[in-house]
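J.: Have a look at the structure that comes next, please.
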Amino acid sequence: MVTGVGAYLPPDIVTNDDLARIVDTSDAWIYERTGIRSHRQAPSDQPVSELAAAAAREALAAAGRTAADVDLIIVATTTPDNTFPATATIVQRKLEAPVGIAFDVQAVCSGFVYALAVADGFVSRGQSRCALVIGAEVMTRLMDWTDRGTCVLFGDGAGAVVLEPGPDTGSTDDRGILGFSLRADGTKQDLLYVDGGPSTTGTIGKLRMQGNQVFRHAVVNISEAVVAASSAAGVALPEIDWFIPHQANQRILDGVAKRLGIDPCRVISTVAEHANTSAASIPLAMAQGVTDGRIREGDLLLLEAMGGGLTWGAVVLRL
């Protein structure tokens with residue numbers, strides 16, 4: 001079960017008006033198409049492991065745990081500190097956590113959903129008693145600042161949860177992950193990708209996206225995964241207390257909620273202030289909902305995401 005949630009956002013706020021000074025755009029143009037007003041940008045000397053560690057510390061404090069309790073760290077990121085080692089091992093060192101299991105998951109914007117499902121396997125099989133699942137990104141490092149179609153969409157941040165074993169009665173009243181569905185379709189790679197890598201160009205590359213196509217696939221594919229996850233969990237969509245989607249674009253959030261018949265009042269949206277923080281967006285939104293009191297212990301949550309690959313998936317959990 002999730003016993004603690006944490007978040008970290010870099011202090012520097014970049015508004016749409018700031019972006020209009022470096023690329024041909026405007027606040028009205030961006031907001032109308034995406035729902036974004038601003039994003040956070042990490043300073044150039046701050047690696048993603050620092051964001052991840054900060055969010056992890058907050059999650060551990062909320063759970064009443066310390067780094068000494070942690071035996072598993074999974075970091076979902078597409079912007080690691082280094083090609084290797086895994087950012088999770090760097091976070092382990094920075095937290096001063098003991099020797100345990102630490103690795104990264106790379107599923108781009110779906111990374112946190114994938115990482116939760118992986119961590120659940122370790123916890124449910126008794127291989128972990130205190131797992132940190134972290135989504136952390138510095139997506140602004142991948143931007144082509146001459147491409148107004150992409151550079152206005154992404155921001156930096158990190159979110160984390162502590163996952164621990166809990167009482168298991170086999171009912172939908174149990175706290176923890178009740179069901180999930182994960183998907184991938186590598187034939188759609190050209191819709192959303194970075195045009196570089198160690199074994200191809202030897203460079204980091206820049207993000208490229210066919211926005212209209214991504215939007216079309218997102219609404220249809222995410223809806224299917226949500227239905228599958230809900231079926232696996234044994235719950236009906238009307239039972240969901242809070243829908244926490246990947247914060248890619250307000251139009252996608254609205255489209256999926258409408259297709260699934262989810263009340264917009266039950267959707268947690270942070271895209272206006274955070275923009276798209278890739279694997280960090282779901283835990284950041286979850287942390288926001290917990291902090292402002294909307295999400296409470298015992299609530300039934302539906303998480304979903306879609307990212308490059310294409311990858312997508314959904315998780316149903318009771319907090």
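As shown in the structure tokens, the chain order sets the letters A, B, ...; within each chain, residues go from 1, and ligands are also counted from 1 in the order they appear.
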At a cut-off of 10 Å, using only C-alpha atoms, what residues contact Gln247 (chain A)? Leave out same-chain residues fewer than 2 positions from it and give the result as a count of residues only.
T.: 28
J.: Between region 197-267 of chain A and region 82-105 of chain A, at 12 Å or less, what are the per-residue closest atom pairs and their distances in Å? Count only C-alpha atoms, order by chain and rising residue number, and return it as a tab-separated table.
T.:
residue	atom	partner	partner_atom	distance
A:Gly197	CA	A:Thr83	CA	9.5
A:Pro198	CA	A:Thr83	CA	8.0
A:Ser199	CA	A:Thr83	CA	11.0
A:Gly202	CA	A:Thr83	CA	11.0
A:Thr203	CA	A:Thr83	CA	11.0
A:Ile204	CA	A:Thr83	CA	9.9
J.: Could you save the residues just selected, with N, CA and C atoms, as a PDB file, in the first residue's frame?
T.:
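This is the output file again23.pdb:
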ATOM      1  N   GLY A 197      20.936   9.185 -29.399  1.00  0.00           N
ATOM      2  CA  GLY A 197      21.176   8.179 -28.380  1.00  0.00           C
ATOM      3  C   GLY A 197      22.592   7.648 -28.478  1.00  0.00           C
ATOM      4  N   PRO A 198      23.087   6.990 -27.413  1.00  0.00           N
ATOM      5  CA  PRO A 198      24.468   6.520 -27.383  1.00  0.00           C
ATOM      6  C   PRO A 198      24.847   5.595 -28.533  1.00  0.00           C
ATOM      7  N   SER A 199      23.952   4.691 -28.933  1.00  0.00           N
ATOM      8  CA  SER A 199      24.320   3.695 -29.947  1.00  0.00           C
ATOM      9  C   SER A 199      23.933   4.086 -31.367  1.00  0.00           C
ATOM     10  N   GLY A 202      25.316   9.045 -30.859  1.00  0.00           N
ATOM     11  CA  GLY A 202      26.301   9.443 -29.854  1.00  0.00           C
ATOM     12  C   GLY A 202      25.990  10.782 -29.217  1.00  0.00           C
ATOM     13  N   THR A 203      24.740  11.243 -29.355  1.00  0.00           N
ATOM     14  CA  THR A 203      24.312  12.515 -28.777  1.00  0.00           C
ATOM     15  C   THR A 203      23.069  12.303 -27.926  1.00  0.00           C
ATOM     16  N   ILE A 204      22.689  13.340 -27.188  1.00  0.00           N
ATOM     17  CA  ILE A 204      21.468  13.266 -26.393  1.00  0.00           C
ATOM     18  C   ILE A 204      20.246  13.354 -27.297  1.00  0.00           C
TER      19      ILE A 204
END
J.: Within 8 Å of region 219-222 of chain A, counting only C-alpha atoms, which residues show up once you throw out same-chain ones fewer than 3 positions away? Write them as a PDB file with C-alpha atoms, in the first residue's frame, please.
T.:
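The resulting file, around-v3.pdb, is shown below:
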ATOM      1  CA  PHE A 215      -3.596  13.120 -29.226  1.00  0.00           C
ATOM      2  CA  ARG A 216      -5.692  10.706 -31.303  1.00  0.00           C
ATOM      3  CA  ALA A 225      -6.159   0.504 -20.665  1.00  0.00           C
ATOM      4  CA  VAL A 226      -8.256   2.189 -17.993  1.00  0.00           C
ATOM      5  CA  ILE A 252      -6.303  14.938 -23.594  1.00  0.00           C
ATOM      6  CA  GLY A 255     -11.113  13.826 -23.819  1.00  0.00           C
ATOM      7  CA  VAL A 256     -10.307  10.712 -21.806  1.00  0.00           C
ATOM      8  CA  ARG A 259     -14.938   9.090 -23.135  1.00  0.00           C
ATOM      9  CA  GLU A 304      -3.105   6.517 -16.323  1.00  0.00           C
ATOM     10  CA  ALA A 305      -0.428   7.644 -18.769  1.00  0.00           C
ATOM     11  CA  MET A 306       0.822   7.403 -22.330  1.00  0.00           C
ATOM     12  CA  TRP A 312       0.679   3.414 -22.032  1.00  0.00           C
ATOM     13  CA  GLY A 313      -1.048   1.950 -19.034  1.00  0.00           C
ATOM     14  CA  ALA A 314      -3.266   2.405 -15.996  1.00  0.00           C
TER      15      ALA A 314
END
J.: Mind checking which residues fall within 10 Å of region 117-122 of chain A, counting only C-alpha atoms, ignoring those fewer than 5 positions away in the same chain, and posting them as a PyMOL selection string?
T.: chain A and resi 1+72-74+105+111-112+127-133+163-165+176-182+313-315
J.: Keeping only N, CA and C atoms, take the residues you just selected and write them out as an mmCIF file, in the first residue's frame.
T.:
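Result saved to part12.cif:
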data_model
loop_
_atom_site.group_PDB
_atom_site.id
_atom_site.type_symbol
_atom_site.label_atom_id
_atom_site.label_comp_id
_atom_site.auth_asym_id
_atom_site.auth_seq_id
_atom_site.Cartn_x
_atom_site.Cartn_y
_atom_site.Cartn_z
ATOM 1 N N MET A 1 0.845 -1.190 0.000
ATOM 2 C CA MET A 1 0.000 0.000 0.000
ATOM 3 C C MET A 1 0.886 1.247 0.000
ATOM 4 N N LEU A 72 14.250 -1.071 -1.625
ATOM 5 C CA LEU A 72 14.027 -1.071 -3.073
ATOM 6 C C LEU A 72 13.804 0.360 -3.541
ATOM 7 N N ILE A 73 14.543 0.768 -4.576
ATOM 8 C CA ILE A 73 14.353 2.087 -5.185
ATOM 9 C C ILE A 73 14.203 1.897 -6.693
ATOM 10 N N ILE A 74 13.084 2.351 -7.214
ATOM 11 C CA ILE A 74 12.868 2.345 -8.659
ATOM 12 C C ILE A 74 12.638 3.781 -9.104
ATOM 13 N N VAL A 105 13.496 2.567 -14.584
ATOM 14 C CA VAL A 105 12.502 2.118 -15.564
ATOM 15 C C VAL A 105 12.381 3.215 -16.611
ATOM 16 N N GLY A 111 6.317 5.946 -17.435
ATOM 17 C CA GLY A 111 7.303 5.327 -16.558
ATOM 18 C C GLY A 111 6.822 5.090 -15.139
ATOM 19 N N PHE A 112 6.095 6.056 -14.561
ATOM 20 C CA PHE A 112 5.671 5.892 -13.170
ATOM 21 C C PHE A 112 4.651 4.769 -13.041
ATOM 22 N N GLN A 127 9.634 -9.555 -1.403
ATOM 23 C CA GLN A 127 11.017 -9.193 -1.710
ATOM 24 C C GLN A 127 11.353 -7.771 -1.292
ATOM 25 N N SER A 128 10.353 -7.001 -0.893
ATOM 26 C CA SER A 128 10.579 -5.630 -0.422
ATOM 27 C C SER A 128 9.594 -5.315 0.684
ATOM 28 N N ARG A 129 10.104 -4.670 1.735
ATOM 29 C CA ARG A 129 9.259 -4.231 2.839
ATOM 30 C C ARG A 129 9.025 -2.723 2.812
ATOM 31 N N CYS A 130 9.884 -2.013 2.072
ATOM 32 C CA CYS A 130 9.758 -0.551 2.000
ATOM 33 C C CYS A 130 10.369 -0.088 0.681
ATOM 34 N N ALA A 131 9.506 0.155 -0.298
ATOM 35 C CA ALA A 131 9.964 0.522 -1.640
ATOM 36 C C ALA A 131 9.707 1.993 -1.909
ATOM 37 N N LEU A 132 10.676 2.616 -2.559
ATOM 38 C CA LEU A 132 10.515 3.974 -3.068
ATOM 39 C C LEU A 132 10.287 3.890 -4.570
ATOM 40 N N VAL A 133 9.179 4.443 -5.031
ATOM 41 C CA VAL A 133 8.907 4.523 -6.459
ATOM 42 C C VAL A 133 8.883 6.004 -6.820
ATOM 43 N N LEU A 163 5.932 2.514 -0.988
ATOM 44 C CA LEU A 163 5.051 1.356 -1.146
ATOM 45 C C LEU A 163 5.468 0.294 -0.136
ATOM 46 N N GLU A 164 4.519 -0.158 0.690
ATOM 47 C CA GLU A 164 4.796 -1.158 1.717
ATOM 48 C C GLU A 164 3.715 -2.240 1.706
ATOM 49 N N PRO A 165 4.014 -3.416 2.253
ATOM 50 C CA PRO A 165 2.980 -4.450 2.354
ATOM 51 C C PRO A 165 1.872 -4.006 3.305
ATOM 52 N N GLY A 176 -3.837 -0.362 -1.361
ATOM 53 C CA GLY A 176 -2.740 -0.782 -2.225
ATOM 54 C C GLY A 176 -3.195 -0.904 -3.666
ATOM 55 N N ILE A 177 -2.342 -1.501 -4.486
ATOM 56 C CA ILE A 177 -2.630 -1.656 -5.911
ATOM 57 C C ILE A 177 -3.599 -2.812 -6.110
ATOM 58 N N LEU A 178 -4.729 -2.507 -6.703
ATOM 59 C CA LEU A 178 -5.779 -3.503 -6.903
ATOM 60 C C LEU A 178 -5.748 -4.106 -8.299
ATOM 61 N N GLY A 179 -5.230 -3.369 -9.262
ATOM 62 C CA GLY A 179 -5.171 -3.875 -10.631
ATOM 63 C C GLY A 179 -4.434 -2.899 -11.525
ATOM 64 N N PHE A 180 -3.861 -3.432 -12.609
ATOM 65 C CA PHE A 180 -3.183 -2.557 -13.562
ATOM 66 C C PHE A 180 -3.203 -3.185 -14.948
ATOM 67 N N SER A 181 -2.940 -2.347 -15.945
ATOM 68 C CA SER A 181 -2.767 -2.812 -17.318
ATOM 69 C C SER A 181 -1.670 -1.986 -17.958
ATOM 70 N N LEU A 182 -0.744 -2.671 -18.644
ATOM 71 C CA LEU A 182 0.377 -2.019 -19.305
ATOM 72 C C LEU A 182 0.368 -2.390 -20.779
ATOM 73 N N GLY A 313 -0.574 2.859 -20.058
ATOM 74 C CA GLY A 313 -1.048 1.950 -19.034
ATOM 75 C C GLY A 313 -1.854 2.661 -17.971
ATOM 76 N N ALA A 314 -2.420 1.874 -17.072
ATOM 77 C CA ALA A 314 -3.266 2.405 -15.996
ATOM 78 C C ALA A 314 -3.113 1.545 -14.754
ATOM 79 N N VAL A 315 -3.312 2.170 -13.603
ATOM 80 C CA VAL A 315 -3.245 1.495 -12.306
ATOM 81 C C VAL A 315 -4.439 1.943 -11.472
#
J.: Nearest to Gly6 (chain A) among A:Glu58, A:Asp254, A:Asp173, A:Asp263, with distances taken over only C-alpha atoms: which residue is it?
T.: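 For Gly6 (chain A), the nearest of the given residues is A:Glu58.
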J.: Write out as a PyMOL selection string all residues of region 13-239 of chain A that DSSP puts in strand (DSSP E) for this structure's backbone.
T.: chain A and resi 13-15+38-40+72-76+101-105+131-138+156-163+176-184+192-194+207-209
J.: Save the residues we just selected, N, CA and C atoms, as a short mmCIF file (atom, residue, chain, number, x, y, z; two decimals), in the first residue's frame?
T.:
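Ended up saving to part18.cif:
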data_model
loop_
_atom_site.label_atom_id
_atom_site.label_comp_id
_atom_site.auth_asym_id
_atom_site.auth_seq_id
_atom_site.Cartn_x
_atom_site.Cartn_y
_atom_site.Cartn_z
N ILE A 13 10.25 29.46 -12.14
CA ILE A 13 9.00 29.37 -12.89
C ILE A 13 9.17 30.05 -14.24
N VAL A 14 8.85 29.33 -15.31
CA VAL A 14 8.90 29.87 -16.66
C VAL A 14 7.47 29.99 -17.16
N THR A 15 7.03 31.21 -17.45
CA THR A 15 5.67 31.43 -17.91
C THR A 15 5.60 31.38 -19.44
N SER A 38 2.36 27.75 -17.24
CA SER A 38 3.76 27.88 -16.84
C SER A 38 4.34 26.50 -16.59
N HIS A 39 5.67 26.45 -16.39
CA HIS A 39 6.32 25.21 -15.99
C HIS A 39 7.53 25.55 -15.13
N ARG A 40 8.10 24.55 -14.50
CA ARG A 40 9.30 24.72 -13.70
C ARG A 40 10.52 24.25 -14.51
N LEU A 72 14.25 -1.07 -1.63
CA LEU A 72 14.03 -1.07 -3.07
C LEU A 72 13.80 0.36 -3.54
N ILE A 73 14.54 0.77 -4.58
CA ILE A 73 14.35 2.09 -5.19
C ILE A 73 14.20 1.90 -6.69
N ILE A 74 13.08 2.35 -7.21
CA ILE A 74 12.87 2.34 -8.66
C ILE A 74 12.64 3.78 -9.10
N VAL A 75 13.45 4.24 -10.03
CA VAL A 75 13.30 5.59 -10.57
C VAL A 75 12.83 5.50 -12.02
N ALA A 76 11.68 6.09 -12.29
CA ALA A 76 11.18 6.20 -13.65
C ALA A 76 11.67 7.53 -14.22
N ILE A 101 17.99 -3.17 -3.54
CA ILE A 101 17.73 -3.23 -4.97
C ILE A 101 17.49 -1.81 -5.47
N ALA A 102 18.13 -1.45 -6.59
CA ALA A 102 17.94 -0.11 -7.15
C ALA A 102 18.14 -0.17 -8.66
N PHE A 103 17.14 0.31 -9.41
CA PHE A 103 17.25 0.33 -10.86
C PHE A 103 16.27 1.34 -11.43
N ASP A 104 16.46 1.67 -12.71
CA ASP A 104 15.59 2.61 -13.40
C ASP A 104 14.60 1.89 -14.30
N VAL A 105 13.50 2.57 -14.58
CA VAL A 105 12.50 2.12 -15.56
C VAL A 105 12.38 3.22 -16.61
N ALA A 131 9.51 0.16 -0.30
CA ALA A 131 9.96 0.52 -1.64
C ALA A 131 9.71 1.99 -1.91
N LEU A 132 10.68 2.62 -2.56
CA LEU A 132 10.51 3.97 -3.07
C LEU A 132 10.29 3.89 -4.57
N VAL A 133 9.18 4.44 -5.03
CA VAL A 133 8.91 4.52 -6.46
C VAL A 133 8.88 6.00 -6.82
N ILE A 134 9.78 6.39 -7.71
CA ILE A 134 10.01 7.80 -8.00
C ILE A 134 9.86 8.06 -9.50
N GLY A 135 9.17 9.14 -9.83
CA GLY A 135 9.17 9.64 -11.19
C GLY A 135 9.88 10.99 -11.19
N ALA A 136 10.93 11.12 -11.98
CA ALA A 136 11.73 12.35 -11.95
C ALA A 136 12.22 12.70 -13.34
N GLU A 137 12.10 13.96 -13.72
CA GLU A 137 12.48 14.37 -15.06
C GLU A 137 13.02 15.80 -15.09
N VAL A 138 13.97 16.02 -16.00
CA VAL A 138 14.37 17.37 -16.40
C VAL A 138 14.15 17.45 -17.91
N ASP A 156 10.05 20.45 -15.61
CA ASP A 156 10.88 19.61 -14.76
C ASP A 156 10.22 19.41 -13.39
N GLY A 157 10.50 18.28 -12.77
CA GLY A 157 9.97 18.01 -11.44
C GLY A 157 10.14 16.56 -11.06
N ALA A 158 9.72 16.23 -9.84
CA ALA A 158 9.82 14.85 -9.35
C ALA A 158 8.73 14.59 -8.33
N GLY A 159 8.25 13.35 -8.34
CA GLY A 159 7.29 12.90 -7.34
C GLY A 159 7.65 11.49 -6.90
N ALA A 160 7.26 11.13 -5.70
CA ALA A 160 7.63 9.82 -5.16
C ALA A 160 6.55 9.28 -4.24
N VAL A 161 6.49 7.96 -4.17
CA VAL A 161 5.62 7.30 -3.20
C VAL A 161 6.41 6.22 -2.48
N VAL A 162 6.00 5.93 -1.26
CA VAL A 162 6.52 4.79 -0.50
C VAL A 162 5.48 3.69 -0.58
N LEU A 163 5.93 2.51 -0.99
CA LEU A 163 5.05 1.36 -1.15
C LEU A 163 5.47 0.29 -0.14
N GLY A 176 -3.84 -0.36 -1.36
CA GLY A 176 -2.74 -0.78 -2.22
C GLY A 176 -3.20 -0.90 -3.67
N ILE A 177 -2.34 -1.50 -4.49
CA ILE A 177 -2.63 -1.66 -5.91
C ILE A 177 -3.60 -2.81 -6.11
N LEU A 178 -4.73 -2.51 -6.70
CA LEU A 178 -5.78 -3.50 -6.90
C LEU A 178 -5.75 -4.11 -8.30
N GLY A 179 -5.23 -3.37 -9.26
CA GLY A 179 -5.17 -3.87 -10.63
C GLY A 179 -4.43 -2.90 -11.53
N PHE A 180 -3.86 -3.43 -12.61
CA PHE A 180 -3.18 -2.56 -13.56
C PHE A 180 -3.20 -3.18 -14.95
N SER A 181 -2.94 -2.35 -15.94
CA SER A 181 -2.77 -2.81 -17.32
C SER A 181 -1.67 -1.99 -17.96
N LEU A 182 -0.74 -2.67 -18.64
CA LEU A 182 0.38 -2.02 -19.30
C LEU A 182 0.37 -2.39 -20.78
N ARG A 183 0.71 -1.43 -21.64
CA ARG A 183 0.68 -1.65 -23.07
C ARG A 183 1.88 -0.98 -23.73
N ALA A 184 2.26 -1.48 -24.92
CA ALA A 184 3.28 -0.83 -25.74
C ALA A 184 3.07 -1.21 -27.20
N LEU A 192 6.45 10.04 -31.32
CA LEU A 192 7.00 10.73 -30.16
C LEU A 192 8.32 10.08 -29.79
N TYR A 193 9.42 10.79 -29.99
CA TYR A 193 10.74 10.21 -29.76
C TYR A 193 11.78 11.31 -29.59
N VAL A 194 12.99 10.91 -29.20
CA VAL A 194 14.15 11.80 -29.17
C VAL A 194 15.11 11.35 -30.25
N LEU A 207 13.68 16.26 -28.50
CA LEU A 207 12.36 15.64 -28.57
C LEU A 207 11.65 16.03 -29.85
N ARG A 208 11.02 15.05 -30.51
CA ARG A 208 10.23 15.27 -31.72
C ARG A 208 8.86 14.62 -31.52
N MET A 209 7.82 15.29 -31.99
CA MET A 209 6.47 14.78 -31.76
C MET A 209 5.53 15.18 -32.87
#
J.: Determine which residues of region 85-303 of chain A receive a DSSP assignment of alpha helix (DSSP H), computed from the backbone, and state them as a PyMOL selection string.
T.: chain A and resi 87-95+111-124+211-233+250-260+271-274+281-291
J.: Show me, as a list of chain:residue names, the residues that have an atom within 10 Å of Asp147 (chain A) when counting only C-alpha atoms, minus same-chain residues fewer than 2 positions from it.
T.: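 Answer for this query is A:Val23, A:Asp24, A:Met143, A:Asp144, A:Trp145, A:Gly149, A:Thr150, A:Cys151, A:Val152, A:Leu207, A:Arg208.
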J.: Nearest residue to Gly289 (chain A) out of A:Leu301, A:Ile262, A:Gln46, A:Asp12, using only C-alpha atoms?
T.: A:Leu301
J.: Nearest residue to Asp71 (chain A) out of A:Ala248, A:Leu302, A:Leu191, A:Val123, using only C-alpha atoms?
T.: A:Val123
J.: May I have the residues within 9 Å of Leu300 (chain A) as a ChimeraX atom specification, using only C-alpha atoms and disregarding those fewer than 4 positions away in the same chain?
T.: /A:175,239-243,316-319
J.: Restricting the calculation to only C-alpha atoms, which member of A:Ala229, A:Pro238, A:Ala257, A:Thr78 is positioned closest to Ser110 (chain A)?
T.: A:Thr78
J.: In terms of the shortest atom-to-atom distance over only C-alpha atoms, which of A:Ala7, A:Ala63, A:Leu153, A:Val290 is closest to Glu50 (chain A)?
T.: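 Residue with the minimum atom-to-atom distance to Glu50 (chain A): A:Ala7.
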